[in-house]
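The next block is entry-v2.pdb, given as PDB, C-alpha atoms, pLDDT in the B column.
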```pdb
ATOM      1  CA  MET A   1      12.284   6.546 -29.270  1.00 51.00           C
ATOM      2  CA  ALA A   2      14.353   7.093 -26.110  1.00 51.00           C
ATOM      3  CA  GLU A   3      12.939  10.616 -25.765  1.00 52.00           C
ATOM      4  CA  ASP A   4       9.416   9.246 -26.055  1.00 55.00           C
ATOM      5  CA  SER A   5       9.924   6.707 -23.232  1.00 54.00           C
ATOM      6  CA  SER A   6      11.693   9.255 -21.009  1.00 52.00           C
ATOM      7  CA  SER A   7       8.879  11.772 -21.524  1.00 52.00           C
ATOM      8  CA  ARG A   8       6.382   9.051 -20.606  1.00 53.00           C
ATOM      9  CA  LEU A   9       8.376   8.316 -17.466  1.00 47.00           C
ATOM     10  CA  VAL A  10       8.411  12.002 -16.514  1.00 44.00           C
ATOM     11  CA  PHE A  11       4.668  12.214 -17.182  1.00 45.00           C
ATOM     12  CA  ALA A  12       4.008   9.087 -15.078  1.00 44.00           C
ATOM     13  CA  ILE A  13       6.074  10.457 -12.179  1.00 47.00           C
ATOM     14  CA  ALA A  14       4.275  13.799 -12.376  1.00 41.00           C
ATOM     15  CA  LEU A  15       0.903  12.069 -12.452  1.00 40.00           C
ATOM     16  CA  LEU A  16       1.830   9.861  -9.527  1.00 41.00           C
ATOM     17  CA  SER A  17       3.003  12.837  -7.465  1.00 38.00           C
ATOM     18  CA  LEU A  18      -0.250  14.683  -8.208  1.00 38.00           C
ATOM     19  CA  PHE A  19      -2.268  11.617  -7.215  1.00 41.00           C
ATOM     20  CA  SER A  20      -0.245  11.188  -4.009  1.00 40.00           C
ATOM     21  CA  ALA A  21      -0.642  14.859  -3.134  1.00 36.00           C
ATOM     22  CA  GLY A  22      -4.373  14.562  -3.630  1.00 39.00           C
ATOM     23  CA  LEU A  23      -4.503  11.763  -1.074  1.00 50.00           C
ATOM     24  CA  SER A  24      -2.569  13.537   1.627  1.00 65.00           C
ATOM     25  CA  ILE A  25      -4.367  13.912   4.926  1.00 77.00           C
ATOM     26  CA  ASP A  26      -5.480  17.520   5.365  1.00 83.00           C
ATOM     27  CA  ASP A  27      -6.778  17.297   8.921  1.00 89.00           C
ATOM     28  CA  LYS A  28      -4.061  15.334  10.668  1.00 93.00           C
ATOM     29  CA  CYS A  29      -5.684  15.923  14.057  1.00 94.00           C
ATOM     30  CA  ALA A  30      -8.912  14.215  12.944  1.00 93.00           C
ATOM     31  CA  ALA A  31      -6.960  11.330  11.389  1.00 95.00           C
ATOM     32  CA  CYS A  32      -4.856  10.924  14.538  1.00 96.00           C
ATOM     33  CA  THR A  33      -8.016  10.986  16.646  1.00 95.00           C
ATOM     34  CA  ALA A  34      -9.538   8.204  14.528  1.00 95.00           C
ATOM     35  CA  ILE A  35      -6.372   6.130  15.028  1.00 96.00           C
ATOM     36  CA  ALA A  36      -6.499   6.851  18.768  1.00 96.00           C
ATOM     37  CA  GLU A  37     -10.140   5.722  18.874  1.00 95.00           C
ATOM     38  CA  GLU A  38      -9.189   2.421  17.216  1.00 95.00           C
ATOM     39  CA  LEU A  39      -6.354   1.930  19.730  1.00 95.00           C
ATOM     40  CA  GLU A  40      -8.772   2.801  22.530  1.00 94.00           C
ATOM     41  CA  ARG A  41     -11.190   0.179  21.185  1.00 93.00           C
ATOM     42  CA  GLY A  42      -8.327  -2.327  21.480  1.00 91.00           C
ATOM     43  CA  LEU A  43      -7.695  -1.259  25.082  1.00 89.00           C
ATOM     44  CA  MET A  44     -11.369  -1.608  25.997  1.00 89.00           C
ATOM     45  CA  ASN A  45     -11.626  -5.044  24.356  1.00 88.00           C
ATOM     46  CA  GLU A  46      -8.545  -6.363  26.142  1.00 82.00           C
ATOM     47  CA  ARG A  47      -9.179  -9.510  28.123  1.00 76.00           C
ATOM     48  CA  PRO A  48      -7.432 -10.019  31.444  1.00 73.00           C
ATOM     49  CA  ARG A  49      -4.283 -12.054  30.909  1.00 72.00           C
ATOM     50  CA  ASN A  50      -2.119 -14.077  33.233  1.00 74.00           C
ATOM     51  CA  HIS A  51       1.378 -13.031  34.086  1.00 66.00           C
ATOM     52  CA  LEU A  52       4.075 -14.141  31.679  1.00 56.00           C
ATOM     53  CA  ASP A  53       6.147 -16.934  33.174  1.00 60.00           C
ATOM     54  CA  MET A  54       9.712 -16.511  31.953  1.00 59.00           C
ATOM     55  CA  ARG A  55      11.144 -19.146  34.305  1.00 57.00           C
ATOM     56  CA  HIS A  56      12.275 -21.636  31.692  1.00 63.00           C
ATOM     57  CA  ARG A  57      15.764 -22.429  32.946  1.00 66.00           C
ATOM     58  CA  LEU A  58      16.653 -24.804  35.724  1.00 68.00           C
ATOM     59  CA  ASP A  59      19.467 -24.159  38.156  1.00 69.00           C
ATOM     60  CA  ALA A  60      21.848 -26.842  39.491  1.00 73.00           C
ATOM     61  CA  LYS A  61      19.252 -27.899  42.075  1.00 75.00           C
ATOM     62  CA  GLY A  62      16.470 -28.307  39.491  1.00 72.00           C
ATOM     63  CA  GLN A  63      14.670 -25.110  40.530  1.00 73.00           C
ATOM     64  CA  ARG A  64      13.170 -22.891  37.826  1.00 69.00           C
ATOM     65  CA  GLN A  65      15.019 -19.610  37.256  1.00 68.00           C
ATOM     66  CA  GLY A  66      13.828 -16.444  35.602  1.00 70.00           C
ATOM     67  CA  LYS A  67      11.076 -14.011  36.351  1.00 75.00           C
ATOM     68  CA  VAL A  68       7.343 -13.687  36.130  1.00 70.00           C
ATOM     69  CA  ILE A  69       6.277 -10.525  34.286  1.00 75.00           C
ATOM     70  CA  ASP A  70       2.923  -8.812  34.740  1.00 76.00           C
ATOM     71  CA  TYR A  71       1.198  -8.832  31.337  1.00 72.00           C
ATOM     72  CA  ARG A  72       0.013  -5.220  31.784  1.00 76.00           C
ATOM     73  CA  VAL A  73       3.630  -3.944  31.766  1.00 78.00           C
ATOM     74  CA  SER A  74       4.975  -6.396  29.200  1.00 81.00           C
ATOM     75  CA  GLU A  75       6.253  -5.804  25.698  1.00 87.00           C
ATOM     76  CA  LEU A  76       3.839  -8.525  24.552  1.00 85.00           C
ATOM     77  CA  ARG A  77       0.878  -6.330  25.553  1.00 84.00           C
ATOM     78  CA  VAL A  78       2.280  -3.435  23.535  1.00 91.00           C
ATOM     79  CA  VAL A  79       2.713  -5.713  20.513  1.00 92.00           C
ATOM     80  CA  ASP A  80      -0.816  -7.099  20.956  1.00 89.00           C
ATOM     81  CA  LEU A  81      -2.250  -3.553  21.008  1.00 92.00           C
ATOM     82  CA  LEU A  82      -0.198  -1.963  18.213  1.00 94.00           C
ATOM     83  CA  ASP A  83       0.281  -4.893  15.848  1.00 93.00           C
ATOM     84  CA  GLY A  84      -2.283  -4.666  13.081  1.00 93.00           C
ATOM     85  CA  LEU A  85      -3.551  -1.237  14.168  1.00 96.00           C
ATOM     86  CA  CYS A  86      -2.730   0.391  10.821  1.00 96.00           C
ATOM     87  CA  GLU A  87      -4.299  -2.504   8.906  1.00 96.00           C
ATOM     88  CA  LYS A  88      -7.501  -1.918  10.892  1.00 96.00           C
ATOM     89  CA  MET A  89      -7.413   1.709   9.711  1.00 96.00           C
ATOM     90  CA  GLN A  90      -8.091   0.436   6.178  1.00 95.00           C
ATOM     91  CA  ASP A  91     -11.689   0.021   7.377  1.00 95.00           C
ATOM     92  CA  TYR A  92     -11.961   3.816   7.750  1.00 95.00           C
ATOM     93  CA  THR A  93     -12.796   6.453   5.165  1.00 93.00           C
ATOM     94  CA  LEU A  94     -13.509  10.158   5.062  1.00 90.00           C
ATOM     95  CA  GLU A  95     -17.236  10.844   5.090  1.00 87.00           C
ATOM     96  CA  LYS A  96     -18.854  14.192   4.315  1.00 82.00           C
ATOM     97  CA  VAL A  97     -21.175  15.329   7.089  1.00 81.00           C
ATOM     98  CA  ASP A  98     -22.122  18.575   5.354  1.00 83.00           C
ATOM     99  CA  SER A  99     -20.583  20.905   2.761  1.00 79.00           C
ATOM    100  CA  SER A 100     -17.768  22.005   5.077  1.00 81.00           C
ATOM    101  CA  THR A 101     -17.296  19.078   7.456  1.00 83.00           C
ATOM    102  CA  GLN A 102     -15.743  15.669   6.929  1.00 86.00           C
ATOM    103  CA  VAL A 103     -15.170  12.981   9.556  1.00 91.00           C
ATOM    104  CA  TRP A 104     -13.314   9.679   9.620  1.00 93.00           C
ATOM    105  CA  MET A 105     -15.834   6.859   9.815  1.00 92.00           C
ATOM    106  CA  LYS A 106     -15.357   3.123  10.281  1.00 93.00           C
ATOM    107  CA  VAL A 107     -16.953   1.240   7.397  1.00 92.00           C
ATOM    108  CA  ASP A 108     -18.571  -2.047   8.344  1.00 91.00           C
ATOM    109  CA  ASN A 109     -19.825  -2.899   4.857  1.00 90.00           C
ATOM    110  CA  TRP A 110     -18.112  -1.329   1.824  1.00 89.00           C
ATOM    111  CA  ASP A 111     -20.897  -2.587  -0.469  1.00 87.00           C
ATOM    112  CA  ILE A 112     -23.544  -0.311   1.047  1.00 86.00           C
ATOM    113  CA  LEU A 113     -21.295   2.767   1.074  1.00 84.00           C
ATOM    114  CA  LYS A 114     -23.110   5.640  -0.654  1.00 82.00           C
ATOM    115  CA  THR A 115     -20.043   7.653  -1.674  1.00 83.00           C
ATOM    116  CA  ASN A 116     -17.574   7.000  -4.479  1.00 88.00           C
ATOM    117  CA  LYS A 117     -16.052   3.643  -3.502  1.00 88.00           C
ATOM    118  CA  GLN A 118     -12.771   4.251  -5.322  1.00 91.00           C
ATOM    119  CA  GLU A 119     -12.289   7.572  -3.544  1.00 91.00           C
ATOM    120  CA  ALA A 120     -13.319   5.994  -0.224  1.00 91.00           C
ATOM    121  CA  ARG A 121     -10.728   3.220  -0.678  1.00 92.00           C
ATOM    122  CA  ALA A 122      -8.085   5.837  -1.502  1.00 93.00           C
ATOM    123  CA  TYR A 123      -8.876   7.622   1.768  1.00 94.00           C
ATOM    124  CA  SER A 124      -8.642   4.334   3.661  1.00 94.00           C
ATOM    125  CA  LYS A 125      -5.180   3.736   2.229  1.00 95.00           C
ATOM    126  CA  ALA A 126      -4.189   7.309   3.066  1.00 95.00           C
ATOM    127  CA  ILE A 127      -5.173   6.989   6.744  1.00 96.00           C
ATOM    128  CA  SER A 128      -3.487   3.596   6.952  1.00 96.00           C
ATOM    129  CA  SER A 129      -0.260   5.135   5.611  1.00 95.00           C
ATOM    130  CA  PHE A 130      -0.612   8.067   7.999  1.00 96.00           C
ATOM    131  CA  CYS A 131      -1.044   5.562  10.849  1.00 96.00           C
ATOM    132  CA  GLY A 132       2.208   3.872   9.845  1.00 96.00           C
ATOM    133  CA  ARG A 133       4.061   7.184   9.878  1.00 96.00           C
ATOM    134  CA  LEU A 134       2.480   8.177  13.192  1.00 96.00           C
ATOM    135  CA  LEU A 135       3.463   4.909  14.872  1.00 96.00           C
ATOM    136  CA  GLU A 136       6.953   5.107  13.403  1.00 95.00           C
ATOM    137  CA  GLU A 137       7.377   8.570  14.942  1.00 95.00           C
ATOM    138  CA  THR A 138       5.836   7.780  18.341  1.00 95.00           C
ATOM    139  CA  GLU A 139       6.199   4.025  18.873  1.00 93.00           C
ATOM    140  CA  ASP A 140       9.012   4.080  21.428  1.00 95.00           C
ATOM    141  CA  GLU A 141       7.406   6.720  23.649  1.00 96.00           C
ATOM    142  CA  LEU A 142       3.925   5.236  23.197  1.00 95.00           C
ATOM    143  CA  SER A 143       5.197   1.761  24.111  1.00 93.00           C
ATOM    144  CA  GLU A 144       6.778   3.054  27.312  1.00 94.00           C
ATOM    145  CA  LEU A 145       3.612   4.950  28.265  1.00 94.00           C
ATOM    146  CA  ILE A 146       1.473   1.851  27.660  1.00 91.00           C
ATOM    147  CA  LYS A 147       3.795  -0.256  29.823  1.00 89.00           C
ATOM    148  CA  LYS A 148       3.730   2.389  32.587  1.00 90.00           C
ATOM    149  CA  GLY A 149      -0.066   2.403  32.523  1.00 86.00           C
ATOM    150  CA  SER A 150      -0.283   6.034  31.374  1.00 88.00           C
ATOM    151  CA  VAL A 151      -2.346   5.149  28.301  1.00 88.00           C
ATOM    152  CA  LYS A 152      -5.851   4.239  29.390  1.00 86.00           C
ATOM    153  CA  ALA A 153      -9.242   4.203  27.739  1.00 84.00           C
ATOM    154  CA  GLY A 154     -10.405   7.795  27.613  1.00 88.00           C
ATOM    155  CA  SER A 155      -6.932   9.342  27.382  1.00 91.00           C
ATOM    156  CA  VAL A 156      -5.501   7.740  24.232  1.00 94.00           C
ATOM    157  CA  SER A 157      -6.304  10.693  21.966  1.00 94.00           C
ATOM    158  CA  LYS A 158      -4.667  13.188  24.322  1.00 94.00           C
ATOM    159  CA  VAL A 159      -1.541  11.079  24.726  1.00 95.00           C
ATOM    160  CA  LEU A 160      -1.166  10.107  21.062  1.00 95.00           C
ATOM    161  CA  CYS A 161      -2.402  13.217  19.229  1.00 95.00           C
ATOM    162  CA  GLU A 162      -1.539  16.056  21.613  1.00 95.00           C
ATOM    163  CA  ASP A 163       1.416  14.920  23.702  1.00 95.00           C
ATOM    164  CA  LEU A 164       3.342  12.595  21.358  1.00 95.00           C
ATOM    165  CA  GLY A 165       2.262  13.350  17.790  1.00 92.00           C
ATOM    166  CA  ARG A 166       1.469  17.032  18.391  1.00 93.00           C
ATOM    167  CA  TYR A 167      -1.159  16.970  15.633  1.00 93.00           C
ATOM    168  CA  CYS A 168      -3.890  18.416  17.843  1.00 92.00           C
ATOM    169  CA  ASP A 169      -3.594  21.620  19.808  1.00 84.00           C
ATOM    170  CA  GLN A 170      -3.869  21.418  23.541  1.00 66.00           C
ATOM    171  CA  PRO A 171      -6.769  23.454  24.934  1.00 58.00           C
ATOM    172  CA  SER A 172      -5.710  26.932  26.006  1.00 46.00           C
ATOM    173  CA  ASP A 173      -7.256  29.623  28.154  1.00 46.00           C
ATOM    174  CA  ASP A 174      -8.046  33.157  26.964  1.00 45.00           C
ATOM    175  CA  ASP A 175      -4.424  34.270  27.464  1.00 45.00           C
ATOM    176  CA  GLY A 176      -3.167  31.597  25.053  1.00 42.00           C
ATOM    177  CA  LYS A 177      -1.593  29.488  27.805  1.00 42.00           C
ATOM    178  CA  VAL A 178      -1.984  25.743  27.564  1.00 41.00           C
ATOM    179  CA  MET A 179      -4.383  24.514  30.229  1.00 41.00           C
ATOM    180  CA  ASP A 180      -3.720  21.414  32.298  1.00 42.00           C
ATOM    181  CA  GLU A 181      -6.431  18.852  32.789  1.00 39.00           C
ATOM    182  CA  LEU A 182      -8.551  19.325  35.886  1.00 33.00           C
TER     183      LEU A 182
END
```
Reformat the file's structure so that it appears as structure tokens.
Amino acid sequence: MAEDSSSRLVFAIALLSLFSAGLSIDDKCAACTAIAEELERGLMNERPRNHLDMRHRLDAKGQRQGKVIDYRVSELRVVDLLDGLCEKMQDYTLEKVDSSTQVWMKVDNWDILKTNKQEARAYSKAISSFCGRLLEETEDELSELIKKGSVKAGSVSKVLCEDLGRYCDQPSDDDGKVMDEL
């Protein structure tokens, strides 16, 4: 009886590892680019915000003490941009364009999806997990770059996928040297 339950456990672990391996992201550059596009969408949809007033203490004369922080360089802005990013990636799935090409697509309505819905949901969970790993690896550097103003709409993919994550190759010239942007 104990051998039967242990063999079932081994079988379940083997099955789970096969299932997990089947859901791994093959094209990490494309997945990273999709995540960067979602972050870029957040940057473009940002509304102007007031400075953060951190002057909550009063000195002996009754004057407010503390500082006023520009929202654009604040930690709050970074949290607003990155918080929930990976949950938003659950709206993405891998879509076949032709027999050899697949792209990450944002799904607005899962009910009208023409592909296998179970497989599509598995891909959405896979990219969401990949997003979590990507942010875990790059969050500190990405946060600093956002606060410095180095991450802007149009450059998110380069910063996140080439410079920080190194999932996408930087363009090179014919000699194999990495080219700088013009």
(request) Can you work out which one of A:Val79, A:Asp108, A:Val97, A:Tyr92 has the shortest atom-to-atom distance to Glu139 in chain A, counting all atoms listed in the file? (result) A:Val79
(request) Pull out every residue that the PyMOL selection byres ((chain A and resi 46) around 12) matches in the shown coordinates and put them as a PyMOL selection string. (result) chain A and resi 39-45+47-49+71-72+77-78+80-81+152-153
(request) Rank A:Val68, A:Ala126, A:Val73, A:Met105 by their smallest atom-to-atom distance to Asp26 in chain A, using all atoms listed in the file, and report the top residue only. (result) A:Ala126
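Pairwise distance (CA of Cys86 in chain A, CA of Trp104 in chain A) equals 14.1 Å.
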(request) Could you check which of A:Asp111, A:Glu38, A:Asp140, A:Glu119 is closest to Leu85 in chain A, using all atoms listed in the file? (result)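 Nearest to Leu85 in chain A: A:Glu38.
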(message) Taking only C-alpha atoms into account, name the residue in A:Lys114, A:Lys125, A:Lys106, A:Lys28 that is nearest to Glu87 in chain A.
(response) A:Lys125
(message) Env of Ile25 in chain A: 12 Å cut, atoms = only C-alpha atoms, seq-sep filter 3 positions within chain, self excluded. Answer as number ranges by chain.
(response) A: 20-22, 28-32, 93-94, 102-104, 122-131, 133, 167
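Straight-line separation from CA of Lys148 in chain A to CA of Asn50 in chain A: 17.5 Å.
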(message) Taking all atoms listed in the file into account, name the residue in A:Asp27, A:Gln118, A:Asp70, A:Thr33 that is nearest to Glu162 in chain A.
(response) A:Thr33
